[in-house]
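Undergrad: Quick one: this structure, given as structure tokens, is what I'll be asking you about.
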Amino acid sequence: MIAVLQRVREARVEVANQVVGAIGPGLLVLVCAERGDTDAEADKLLAKMLKLRIFSDAAGKMNQSVQDTAGGLLLVSQFTLAADTTGGNRPSFTQAAAPDEGRRLYDYLVAQARKVHPEVATGQFAADMQVHLVNDGPVTIPMRMAPAVVV
């Protein structure tokens, strides 16, 4: 799975001019399931994003996680993170999971997040979304959880 984490002061997602998800301070996470991803990659991604120390402590050092700060999580599905731009001017998205599997993994990630984190908001899978955010820092962290290699 691929994710882009953005530390935000606030963020929201709109669909058809209606807010479908919003948070105050926390993490906006753009998420893409790739072909071959399983629940295990979603679990690893969630564990890492919840513990990643990218929030400032009292001394101004990035030493706290979103869990430490009780920040919100806004999870937004974005298949375009799997774009392959090596073959010309039109990106290929063949590495993105098929829509049914992408939705299943996104829904799984959201359900798991809601079990362990108090504030989880979402975008709307496969919708035309407008994402509004105030990036804090700015702090933007790309992450990739690759499937385990079987030897």
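Please note that chains go A, B, ... in the order of the structure tokens, that every chain numbers its residues from 1, and that ligands are numbered from 1 in the order shown.
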Might you pull out every residue within 7 Å of Leu50 of chain A, with only C-alpha atoms counted and same-chain residues fewer than 6 positions away left off, and present them as a PyMOL selection string?

TA: chain A and resi 65-67

Undergrad: Store the residues picked out above, limited to N, CA, C and O atoms, as a short mmCIF file (atom, residue, chain, number, x, y, z; two decimals), in the first residue's frame.

TA:
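Written output follows (selection_35.cif):
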```
data_model
loop_
_atom_site.label_atom_id
_atom_site.label_comp_id
_atom_site.auth_asym_id
_atom_site.auth_seq_id
_atom_site.Cartn_x
_atom_site.Cartn_y
_atom_site.Cartn_z
N SER A 65 3.41 11.22 18.31
CA SER A 65 2.60 10.62 17.26
C SER A 65 1.20 11.22 17.27
O SER A 65 0.82 11.95 18.19
N VAL A 66 0.41 10.87 16.26
CA VAL A 66 -0.99 11.32 16.22
C VAL A 66 -1.75 10.74 17.41
O VAL A 66 -2.67 11.37 17.93
N GLN A 67 -1.35 9.57 17.88
CA GLN A 67 -1.98 9.00 19.07
C GLN A 67 -1.61 9.80 20.31
O GLN A 67 -2.46 10.06 21.15
#
```

Undergrad: Do you have, as a Markdown table, the list of residues of segment 46-116 of chain A lying at most 10 Å from segment 21-26 of chain A, each with its nearest atom pair and that distance in Å to one decimal, counting only C-alpha atoms and ordered by chain then number?

TA:
```
| residue | atom | partner | partner_atom | distance |
| --- | --- | --- | --- | --- |
| A:Phe55 | CA | A:Gly26 | CA | 8.7 |
| A:Ser65 | CA | A:Gly26 | CA | 9.3 |
| A:Val66 | CA | A:Gly26 | CA | 6.1 |
| A:Gln67 | CA | A:Gly26 | CA | 9.2 |
| A:Thr69 | CA | A:Gly26 | CA | 8.1 |
| A:Ala70 | CA | A:Gly26 | CA | 7.9 |
| A:Gly71 | CA | A:Gly26 | CA | 4.2 |
| A:Gly72 | CA | A:Gly26 | CA | 4.5 |
| A:Leu73 | CA | A:Gly26 | CA | 5.9 |
| A:Leu74 | CA | A:Ile23 | CA | 6.5 |
| A:Leu75 | CA | A:Gly21 | CA | 8.8 |
| A:Val76 | CA | A:Gly21 | CA | 9.2 |
```

Undergrad: Using only all heavy atoms, please write the residues we just selected to a file, as a CSV table (one decimal), in the first residue's frame.

TA:
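Here's the written file part.csv:
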```
chain,number,residue,atom,x,y,z
A,55,PHE,N,4.8,14.9,15.2
A,55,PHE,CA,4.2,16.1,15.9
A,55,PHE,C,5.1,16.6,16.9
A,55,PHE,O,5.8,15.8,17.6
A,55,PHE,CB,2.8,15.7,16.5
A,55,PHE,CG,1.8,15.4,15.5
A,55,PHE,CD1,1.7,14.1,14.9
A,55,PHE,CD2,0.9,16.3,15.1
A,55,PHE,CE1,0.7,13.8,14.0
A,55,PHE,CE2,-0.1,16.1,14.1
A,55,PHE,CZ,-0.2,14.8,13.6
A,65,SER,N,3.4,11.2,18.3
A,65,SER,CA,2.6,10.6,17.3
A,65,SER,C,1.2,11.2,17.3
A,65,SER,O,0.8,12.0,18.2
A,65,SER,CB,2.5,9.1,17.5
A,65,SER,OG,1.7,8.8,18.6
A,66,VAL,N,0.4,10.9,16.3
A,66,VAL,CA,-1.0,11.3,16.2
A,66,VAL,C,-1.8,10.7,17.4
A,66,VAL,O,-2.7,11.4,17.9
A,66,VAL,CB,-1.7,11.0,14.9
A,66,VAL,CG1,-1.9,9.5,14.7
A,66,VAL,CG2,-2.9,11.7,14.7
A,67,GLN,N,-1.3,9.6,17.9
A,67,GLN,CA,-2.0,9.0,19.1
A,67,GLN,C,-1.6,9.8,20.3
A,67,GLN,O,-2.5,10.1,21.2
A,67,GLN,CB,-1.6,7.5,19.3
A,67,GLN,CG,-2.2,6.6,18.3
A,67,GLN,CD,-1.9,5.2,18.6
A,67,GLN,OE1,-0.8,4.8,18.8
A,67,GLN,NE2,-2.9,4.3,18.5
A,69,THR,N,-0.9,12.9,20.5
A,69,THR,CA,-1.6,14.2,20.5
A,69,THR,C,-3.1,14.1,20.4
A,69,THR,O,-3.7,15.2,20.5
A,69,THR,CB,-1.1,15.0,19.3
A,69,THR,OG1,-1.5,14.4,18.1
A,69,THR,CG2,0.4,15.2,19.3
A,70,ALA,N,-3.6,12.9,20.4
A,70,ALA,CA,-5.1,12.7,20.2
A,70,ALA,C,-5.6,13.5,19.0
A,70,ALA,O,-6.7,14.0,19.0
A,70,ALA,CB,-5.8,13.1,21.5
A,71,GLY,N,-4.8,13.5,17.9
A,71,GLY,CA,-5.2,14.1,16.7
A,71,GLY,C,-6.1,13.3,15.9
A,71,GLY,O,-6.3,12.1,16.1
A,72,GLY,N,-6.8,13.9,14.9
A,72,GLY,CA,-7.7,13.2,14.0
A,72,GLY,C,-7.0,12.5,12.9
A,72,GLY,O,-5.8,12.9,12.5
A,73,LEU,N,-7.6,11.5,12.3
A,73,LEU,CA,-7.2,10.9,11.1
A,73,LEU,C,-8.3,11.1,10.0
A,73,LEU,O,-9.4,10.8,10.2
A,73,LEU,CB,-7.1,9.4,11.2
A,73,LEU,CG,-5.8,8.8,11.9
A,73,LEU,CD1,-6.0,7.2,12.0
A,73,LEU,CD2,-4.6,9.1,11.1
A,74,LEU,N,-7.8,11.6,8.8
A,74,LEU,CA,-8.7,11.7,7.7
A,74,LEU,C,-8.2,10.8,6.6
A,74,LEU,O,-7.1,11.1,6.0
A,74,LEU,CB,-8.9,13.2,7.2
A,74,LEU,CG,-9.7,13.4,6.0
A,74,LEU,CD1,-11.1,12.9,6.1
A,74,LEU,CD2,-9.8,14.9,5.7
A,75,LEU,N,-8.8,9.7,6.3
A,75,LEU,CA,-8.3,8.7,5.4
A,75,LEU,C,-9.1,8.9,4.1
A,75,LEU,O,-10.3,8.8,4.0
A,75,LEU,CB,-8.5,7.3,5.9
A,75,LEU,CG,-7.9,7.0,7.3
A,75,LEU,CD1,-8.3,5.6,7.8
A,75,LEU,CD2,-6.4,7.1,7.2
A,76,VAL,N,-8.3,9.1,3.0
A,76,VAL,CA,-8.8,9.4,1.7
A,76,VAL,C,-8.2,8.5,0.7
A,76,VAL,O,-7.0,8.4,0.5
A,76,VAL,CB,-8.6,10.9,1.3
A,76,VAL,CG1,-9.1,11.2,-0.1
A,76,VAL,CG2,-9.1,11.8,2.3
```

Undergrad: So, with only C-alpha atoms as the atoms that count, which of A:Ala42, A:Ala83, A:Ser77, A:Gly36 lies closest to Val131 of chain A?

TA: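 The answer is A:Ser77, which sits nearest to Val131 of chain A.
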
Undergrad: From the options A:Ala58, A:Val20, A:Val8, A:Ala3, which residue's atoms come nearest to Leu45 of chain A, counting only C-alpha atoms?

TA: A:Ala3

Undergrad: Kindly give the distance, in Å, that separates atom CA of Asp68 of chain A and atom CA of Met49 of chain A, rounded to a single decimal.

TA: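 One can read the atom CA of Asp68 of chain A to atom CA of Met49 of chain A distance as 12.0 Å.
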
Undergrad: Please identify all polymer residues within 8 Å of Leu46 of chain A, counting only C-alpha atoms, omitting same-chain residues fewer than 6 positions from it, and present them as a PyMOL selection string.

TA: chain A and resi 109+112-113

Undergrad: Using only C-alpha atoms, which residues of segment 3-45 of chain A come within 8 Å of segment 135-141 of chain A, and what is the closest atom pair for each, with the distance in Å to one decimal? Give it as a tab-separated table, sorted by chain and residue number.

TA:
```
residue	atom	partner	partner_atom	distance
A:Val4	CA	A:Ile141	CA	5.7
A:Leu5	CA	A:Ile141	CA	5.0
A:Gln6	CA	A:Thr140	CA	4.5
A:Arg7	CA	A:Asp136	CA	5.4
A:Val8	CA	A:Asn135	CA	4.4
A:Arg9	CA	A:Asp136	CA	5.6
A:Glu10	CA	A:Asn135	CA	7.7
```

Undergrad: Got a sec to tell me which of chain A DSSP assigns to strand (DSSP E or B), as number ranges by chain?

TA: A: 2-15, 18-23, 26-32, 34, 55-56, 62-64, 72-77, 84, 92, 96, 120-122, 129-144

Undergrad: Excluding Tyr108 of chain A and its own-chain neighbours fewer than 3 positions away, which residues fall within 10 Å of it when counting only C-alpha atoms? Please give them as JSON, numbers by chain.

TA: {"A": [38, 39, 42, 43, 102, 103, 104, 105, 111, 112, 113, 114]}

Undergrad: Distance atom CA of Cys32 of chain A-atom CA of Phe79 of chain A, one decimal place?

TA: 4.9 Å

Undergrad: For a test of reading the model, state the distance in Å between atom CA of Ala40 of chain A and atom CA of Leu52 of chain A, rounded to one decimal.

TA: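 It comes out at 18.1 Å.
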
Undergrad: DSSP says helix (DSSP H, G or I) for which residues of segment 78-146 of chain A? Put them as a PyMOL selection string?

TA: chain A and resi 79-82+99-116
